[in-house]
Amino acid sequence: MTCEQQIIIGESPSFLEIIEQTSKAAGHNRSVLVIGERGTGKELIASRLHFLSPRWEQNFIQVNCAALPDSLLESELFGHEAGSFTGATGKRIGRFEEADKGTLFLDEIATISLTAQEKILRITEYGTFQRLGSNKTLHTDVRLIGATNIDLPEAADLGEFRHDLLDRLALDVITLPPLRARREDIIILALHFGQKIAQERHWHSFPGYSEDMIDKMMSYTWPGNIRELKNVVERGVYYAEDEHEPVSQLNLDPFNSPYRPVKQRKKITTIEHAPRPPQDTGPLDYHQTLEIYEKELLQNALKANKFNQRHTAQYLNLSYHQLRHQLKKHSLLG
Ligand SMILES: Nc1ncnc2c1ncn2[C@@H]1O[C@H](COP(=O)(O)OP(=O)(O)OP(=O)(O)O)[C@@H](O)[C@H]1O
Ligand SMILES: [Mg+2]
């Protein structure tokens, strides 16, 4: 996807530092990693890196690596020849080829398989790769930007991310501060998003927010960061009835209702597949028993999710990396 540069708002010192670092990084031709919690603006920074770079007139290709299973992701990135796998009817140009002379943004880079990481390492070192099903070596000149919300050095220590690729990508690392660390920006961003919605609603001007709403916005911790703030503000402005009155509706949780269904689904399905903890039939070794129980729980959850690790992680309410860590601990990695 080719993107246009979007407006980026913020005045807090920690944010301005990031903007300065981004401008500097845009000038060099090296890989950059953009790290930050969910909704902190990683995509915006990635597109800024491209549009401020000497490559700005070339393609800016964006791939969400978490959205595709491993096999399809490889074909998406490197392309394939006709018949290289079941369903590959025609030849396909990969994203690395499409981004030649431009920038390739690999979002959620931590979810890429170790095999694909190996191929990416080769591209970053020699600019060479092969389409799936082909022996022909192709060249590409791509600037790589990777983004993730996980701790990549930890993932590398756990064997889930290649150390050599990490070193190669981490020539510049931009770590975005969460909204709670840039409180000065909360109201500025809220005004920006509010004005946009007011325009959409054809209001003549935006009346701002009530003091109470400002206090509440300032004291909330915003776990979902800027995306969450944007949603909350949009909800507030959409529900406001009078365009002359400061907006005062702060609904942080739209699901909040006395009639909200009780949490059942995950519990029921998980319990169905969860092993029963051993009966207390005599003296037990607490840690050893827990280990056995944990391993069985993981095995059953994997089975229930057809051994798809991402689905299993969601099912157990673990992050992908937490699950991989547990699988490794119990020697369950294939
Ligand atoms: N500084 C900013 N100014 C204006 N809008 C912003 C800013 N930062 C983020 N946003 C908006 O907040 C939303 C989330 O930003 P973005 O998608 O870049 O976050 P992200 O870190 O990539 O999130 P995720 O980890 O969930 O992929 C988007 O709608 C984006 O336009
Ligand atoms: Mg993102």
# chains A, B, ... in the order shown; residues from 1 in each chain; ligands from 1
$ residues_near_ligand --ligand "ligand 1" --cutoff "7 Å" --atoms "only C-alpha atoms and all ligand atoms" --output "ChimeraX atom specification"
/A:7-10,36-45,148-149,189,226-227,230
$ residues_around --residues "segment 191-193 of chain A" --least-positions-apart "3" --cutoff "12 Å" --atoms "only C-alpha atoms" --output "JSON, numbers by chain"
{"A": [7, 8, 9, 10, 185, 186, 187, 188, 196, 197, 198, 199, 200, 205, 206, 207, 208, 209, 210, 214, 217, 226, 227, 228, 229, 230, 231, 232, 233, 234, 235, 236, 237, 238, 246, 247]}
$ select_by_dssp --residues "segment 29-116 of chain A" --states "strand (DSSP E or B)" --output "ChimeraX atom specification"
/A:32-35,60-64,79-80,92-93,103-107
$ write_last_selection --atoms "N, CA and C atoms" --output "short mmCIF file (atom, residue, chain, number, x, y, z; two decimals), in the first residue's frame"
data_model
loop_
_atom_site.label_atom_id
_atom_site.label_comp_id
_atom_site.auth_asym_id
_atom_site.auth_seq_id
_atom_site.Cartn_x
_atom_site.Cartn_y
_atom_site.Cartn_z
N VAL A 32 15.69 1.06 9.95
CA VAL A 32 15.27 1.68 11.21
C VAL A 32 14.23 0.77 11.86
N LEU A 33 14.31 0.66 13.18
CA LEU A 33 13.26 -0.05 13.93
C LEU A 33 12.43 0.97 14.69
N VAL A 34 11.12 0.83 14.61
CA VAL A 34 10.23 1.72 15.36
C VAL A 34 9.53 0.85 16.41
N ILE A 35 9.79 1.17 17.66
CA ILE A 35 9.29 0.33 18.75
C ILE A 35 8.32 1.16 19.59
N PHE A 60 6.34 3.52 -1.20
CA PHE A 60 6.35 3.21 0.23
C PHE A 60 5.40 2.04 0.40
N ILE A 61 5.98 0.86 0.58
CA ILE A 61 5.16 -0.36 0.64
C ILE A 61 5.06 -0.83 2.08
N GLN A 62 3.83 -1.11 2.47
CA GLN A 62 3.58 -1.47 3.86
C GLN A 62 3.03 -2.90 3.93
N VAL A 63 3.63 -3.73 4.79
CA VAL A 63 3.13 -5.10 4.95
C VAL A 63 2.89 -5.36 6.43
N ASN A 64 1.69 -5.80 6.77
CA ASN A 64 1.43 -6.20 8.15
C ASN A 64 1.76 -7.68 8.27
N GLY A 79 7.66 -12.93 -3.43
CA GLY A 79 7.04 -13.29 -4.70
C GLY A 79 7.16 -14.78 -4.97
N HIS A 80 6.50 -15.26 -6.02
CA HIS A 80 6.64 -16.67 -6.36
C HIS A 80 6.49 -16.87 -7.87
N ARG A 92 4.09 -14.10 -9.28
CA ARG A 92 3.73 -12.96 -8.46
C ARG A 92 4.97 -12.18 -8.03
N ILE A 93 4.92 -10.89 -8.22
CA ILE A 93 6.03 -10.02 -7.79
C ILE A 93 5.87 -9.80 -6.28
N THR A 103 10.89 2.29 -0.05
CA THR A 103 10.94 1.85 1.35
C THR A 103 9.95 0.72 1.55
N LEU A 104 10.38 -0.29 2.30
CA LEU A 104 9.46 -1.37 2.67
C LEU A 104 9.26 -1.30 4.18
N PHE A 105 8.01 -1.15 4.60
CA PHE A 105 7.70 -1.06 6.02
C PHE A 105 7.11 -2.39 6.48
N LEU A 106 7.87 -3.11 7.30
CA LEU A 106 7.40 -4.40 7.82
C LEU A 106 6.82 -4.18 9.21
N ASP A 107 5.49 -4.08 9.25
CA ASP A 107 4.83 -3.84 10.53
C ASP A 107 4.68 -5.18 11.25
#
$ closest_residue --among "A:Gln322, A:Gln21, A:Asn225, A:Gln314" --to "ligand 2" --atoms "only C-alpha atoms and all ligand atoms"
A:Asn225
$ residues_around --residues "Ile19 of chain A" --least-positions-apart "3" --cutoff "10 Å" --atoms "only C-alpha atoms" --output "PyMOL selection string"
chain A and resi 8+10-11+13-16+22-25+45+48-49+174+176
$ residues_around --residues "Ala66 of chain A" --least-positions-apart "2" --cutoff "9 Å" --atoms "only C-alpha atoms" --output "list of chain:residue names"
A:Val63, A:Asn64, A:Leu68, A:Pro69, A:Asp70, A:Leu73, A:Asp107, A:Glu108, A:Ile109, A:Ala110, A:Thr111, A:Ile112
